[in-house]
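Engineer: Please read through the structure below; I'll follow up with questions.
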Amino acid sequence: MSDSTYVALLRGINVGGHSVTMEHLRGLFEQLGLARVRSYIQTGNVFFDADGRETGVLRAEIERHLEQALGYAVPTCLRTVAQLAEVLALDPFQGIAVTPDVRLAVNFLAEPAGVPLTLPYRTPDGAFEVIGATRSEAFVVWHLQEGRPGKSWGLLERQFPVPTTSRFWHTTAKILAAAKEPPREARRTRRASS
C-alpha cells in the first residue's frame, strides 16, 4: 500500500437495477490508467493507486467515465486510505450499541461541504439520527422500525449539499482493512520469496 492508495466509495452500484460485475467495474478503473485496482464486496468499493492526481480532478474523471460506460451517473466519494483511517479513529458511535433495532452508518460526502444541520438531528419519523459530522462525513444512527429502515432516508439525504453514499460502520472498517491488503499478486510474490 502506498501513500497514493485511494478508496472510491461509489453510490448506486448494484441497487435499483444498476447491476455491474466487480470485474467489469475494476476494468473501467483500469481504463483510466489507475494502478493496482481491487474491489471489495458488490456495493461499489474500489481501491487503486493514482500518483500525482488532484483528488477533485480524479473524482470528476471517474464519474464521467463511469457514466459514459454504464449509462447512469455514479456519484463517487474518494478517500485516501489514511483519510479513511482518520474517520474510523474518530469513533463517533462510542457508547451506542448495535441492537436488533439500531444500525450505525457513515454518509460520505462527495466533496468537503460540511453538514448544515443542527446536531444532533433526527428525522421527523425518528428513523435516522445524525449524531456528528466532519466537513466530509455524517455519522448516522438508524433506528429500525419493525425491523426495517424508516421511510425518511430521502428527506435526510436532501439535507446534504452534495451527493453522498452510505456505508454501515462495521462495513467501513472492513473496507479499510481490505484496502490496506496488498493485491493478490503482491501477496503471492511475498509468500514465494519467504
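Residues are referred to by chain and number: the chain letter is A, B, ... according to the order shown in the C-alpha cells, the number counts from 1 in that chain, and ligands are numbered separately from 1 in the order shown.
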Where does DSSP see strand (DSSP E or B) in range 7-93 of chain A, if you list the residues as JSON, numbers by chain?

Structural biologist: {"A": [7, 8, 9, 10, 35, 36, 37, 38, 39, 40, 45, 46, 47, 48, 49, 76, 77, 78, 79, 80]}

Engineer: With C-alpha atoms kept, could you save the residues just selected as a PDB file, in the first residue's frame?

Structural biologist:
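The result, stored in part-v9.pdb:
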ATOM      1  CA  VAL A   7     -10.741   4.165  -1.817  1.00  0.00           C
ATOM      2  CA  ALA A   8     -13.600   5.016  -4.184  1.00  0.00           C
ATOM      3  CA  LEU A   9     -16.967   4.649  -2.473  1.00  0.00           C
ATOM      4  CA  LEU A  10     -19.499   4.543  -5.290  1.00  0.00           C
ATOM      5  CA  ALA A  35      -2.854   1.044 -10.902  1.00  0.00           C
ATOM      6  CA  ARG A  36      -3.388  -1.914  -8.563  1.00  0.00           C
ATOM      7  CA  VAL A  37      -7.173  -1.796  -8.918  1.00  0.00           C
ATOM      8  CA  ARG A  38      -9.096  -4.032  -6.491  1.00  0.00           C
ATOM      9  CA  SER A  39     -12.652  -4.154  -5.193  1.00  0.00           C
ATOM     10  CA  TYR A  40     -14.461  -5.185  -2.032  1.00  0.00           C
ATOM     11  CA  ASN A  45     -15.895  -0.118  -3.135  1.00  0.00           C
ATOM     12  CA  VAL A  46     -12.825   0.144  -5.353  1.00  0.00           C
ATOM     13  CA  PHE A  47      -9.190   0.590  -4.285  1.00  0.00           C
ATOM     14  CA  PHE A  48      -6.442   1.838  -6.591  1.00  0.00           C
ATOM     15  CA  ASP A  49      -3.215   3.816  -6.764  1.00  0.00           C
ATOM     16  CA  THR A  76     -18.082   8.957  -6.250  1.00  0.00           C
ATOM     17  CA  CYS A  77     -16.636   9.673  -2.827  1.00  0.00           C
ATOM     18  CA  LEU A  78     -12.841   9.426  -2.809  1.00  0.00           C
ATOM     19  CA  ARG A  79     -10.734   8.981   0.312  1.00  0.00           C
ATOM     20  CA  THR A  80      -7.119   8.016   0.717  1.00  0.00           C
TER      21      THR A  80
END

Engineer: Taking 5 positions as the minimum chain separation for residues in the same chain, which residues sit within 12 Å of Gln94 in chain A when counting only C-alpha atoms? Answer as a list of chain:residue names.

Structural biologist: A:Leu88, A:Ala89, A:Leu104, A:Ile131, A:Gly132, A:Phe139, A:Val141, A:Trp169

Engineer: Using only C-alpha atoms, can you tell me which of A:Ala82, A:Val87, A:Val57, A:Leu156 comes closest to Thr123 in chain A?

Structural biologist: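 Distance minimum relative to Thr123 in chain A lands on A:Leu156.
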
Engineer: How would you write, as a PDB file with C-alpha atoms, in the first residue's frame, the set of residues in range 13-182 of chain A that DSSP gives as alpha helix (DSSP H)?

Structural biologist:
ATOM      1  CA  MET A  22     -16.898  -6.177  -9.958  1.00  0.00           C
ATOM      2  CA  GLU A  23     -14.663  -7.496 -12.724  1.00  0.00           C
ATOM      3  CA  HIS A  24     -16.229  -5.039 -15.183  1.00  0.00           C
ATOM      4  CA  LEU A  25     -16.043  -2.214 -12.643  1.00  0.00           C
ATOM      5  CA  ARG A  26     -12.343  -2.873 -11.989  1.00  0.00           C
ATOM      6  CA  GLY A  27     -11.758  -2.875 -15.749  1.00  0.00           C
ATOM      7  CA  LEU A  28     -13.381   0.563 -16.048  1.00  0.00           C
ATOM      8  CA  PHE A  29     -10.996   1.940 -13.420  1.00  0.00           C
ATOM      9  CA  GLU A  30      -8.031   0.340 -15.188  1.00  0.00           C
ATOM     10  CA  GLN A  31      -9.096   2.076 -18.422  1.00  0.00           C
ATOM     11  CA  THR A  55      -8.480  14.430  -5.862  1.00  0.00           C
ATOM     12  CA  GLY A  56     -11.215  16.653  -7.325  1.00  0.00           C
ATOM     13  CA  VAL A  57      -9.944  16.167 -10.879  1.00  0.00           C
ATOM     14  CA  LEU A  58      -9.604  12.426 -10.324  1.00  0.00           C
ATOM     15  CA  ARG A  59     -13.147  12.165  -8.949  1.00  0.00           C
ATOM     16  CA  ALA A  60     -14.540  14.068 -11.954  1.00  0.00           C
ATOM     17  CA  GLU A  61     -12.650  11.739 -14.347  1.00  0.00           C
ATOM     18  CA  ILE A  62     -14.018   8.649 -12.611  1.00  0.00           C
ATOM     19  CA  GLU A  63     -17.604   9.942 -12.533  1.00  0.00           C
ATOM     20  CA  ARG A  64     -17.502  10.987 -16.203  1.00  0.00           C
ATOM     21  CA  HIS A  65     -16.006   7.651 -17.315  1.00  0.00           C
ATOM     22  CA  LEU A  66     -18.441   5.542 -15.275  1.00  0.00           C
ATOM     23  CA  GLU A  67     -21.461   7.472 -16.561  1.00  0.00           C
ATOM     24  CA  GLN A  68     -20.307   7.084 -20.168  1.00  0.00           C
ATOM     25  CA  ALA A  69     -19.625   3.366 -19.717  1.00  0.00           C
ATOM     26  CA  LEU A  70     -22.622   2.405 -17.570  1.00  0.00           C
ATOM     27  CA  VAL A  81      -6.501   5.054   2.976  1.00  0.00           C
ATOM     28  CA  ALA A  82      -5.080   7.483   5.557  1.00  0.00           C
ATOM     29  CA  GLN A  83      -8.220   9.652   5.401  1.00  0.00           C
ATOM     30  CA  LEU A  84     -10.487   6.640   5.847  1.00  0.00           C
ATOM     31  CA  ALA A  85      -8.395   5.533   8.828  1.00  0.00           C
ATOM     32  CA  GLU A  86      -8.815   9.013  10.356  1.00  0.00           C
ATOM     33  CA  VAL A  87     -12.606   8.735  10.012  1.00  0.00           C
ATOM     34  CA  LEU A  88     -12.639   5.387  11.800  1.00  0.00           C
ATOM     35  CA  ALA A  89     -10.305   6.700  14.506  1.00  0.00           C
ATOM     36  CA  TRP A 153     -33.921   8.402   4.151  1.00  0.00           C
ATOM     37  CA  GLY A 154     -34.626  10.636   1.147  1.00  0.00           C
ATOM     38  CA  LEU A 155     -35.515  13.505   3.469  1.00  0.00           C
ATOM     39  CA  LEU A 156     -32.231  13.041   5.311  1.00  0.00           C
ATOM     40  CA  GLU A 157     -30.196  12.941   2.102  1.00  0.00           C
ATOM     41  CA  TRP A 169     -19.839   1.455  10.254  1.00  0.00           C
ATOM     42  CA  HIS A 170     -18.693  -2.171  10.530  1.00  0.00           C
ATOM     43  CA  THR A 171     -18.501  -2.380   6.722  1.00  0.00           C
ATOM     44  CA  THR A 172     -16.389   0.789   6.634  1.00  0.00           C
ATOM     45  CA  ALA A 173     -13.876  -0.878   8.965  1.00  0.00           C
ATOM     46  CA  LYS A 174     -13.785  -3.922   6.681  1.00  0.00           C
ATOM     47  CA  ILE A 175     -13.310  -1.691   3.620  1.00  0.00           C
ATOM     48  CA  LEU A 176     -10.305  -0.050   5.271  1.00  0.00           C
ATOM     49  CA  ALA A 177      -8.785  -3.418   6.199  1.00  0.00           C
ATOM     50  CA  ALA A 178      -9.271  -4.691   2.633  1.00  0.00           C
ATOM     51  CA  ALA A 179      -7.769  -1.511   1.143  1.00  0.00           C
ATOM     52  CA  LYS A 180      -4.648  -1.993   3.264  1.00  0.00           C
TER      53      LYS A 180
END

Engineer: Quote the spacing between CA of Thr99 in chain A and CA of Glu146 in chain A in Å to one decimal place.

Structural biologist: 12.8 Å

Engineer: Between CA of Val15 in chain A and CA of Ala127 in chain A, what is the spacing in Å?

Structural biologist: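 Here the two named atoms are 21.0 Å from each other.
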
Engineer: CA of Gly147 in chain A to CA of Thr43 in chain A: how many Å, to one decimal?

Structural biologist: 21.7 Å

Engineer: Please provide as a list in words all residues within 9 Å of Pro161 in chain A, with the sequence filter that same-chain residues fewer than 6 positions apart are discarded (counting only C-alpha atoms).

Structural biologist: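 Surrounding residues, per the criterion: Leu109, Ala113, Gly114, Val115 and Pro116 of chain A.
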
Engineer: Could the residues in this selection be saved with C-alpha atoms as a compact mmCIF listing (two decimals), in the first residue's frame?

Structural biologist:
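Contents of the output file part07.txt:
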# COMPACT_ATOMS: atom_id res chain seq x y z
CA LEU A 109 -19.95 13.41 1.08
CA ALA A 113 -19.08 20.77 2.09
CA GLY A 114 -19.99 20.50 5.73
CA VAL A 115 -23.28 19.25 7.12
CA PRO A 116 -25.66 22.22 7.54
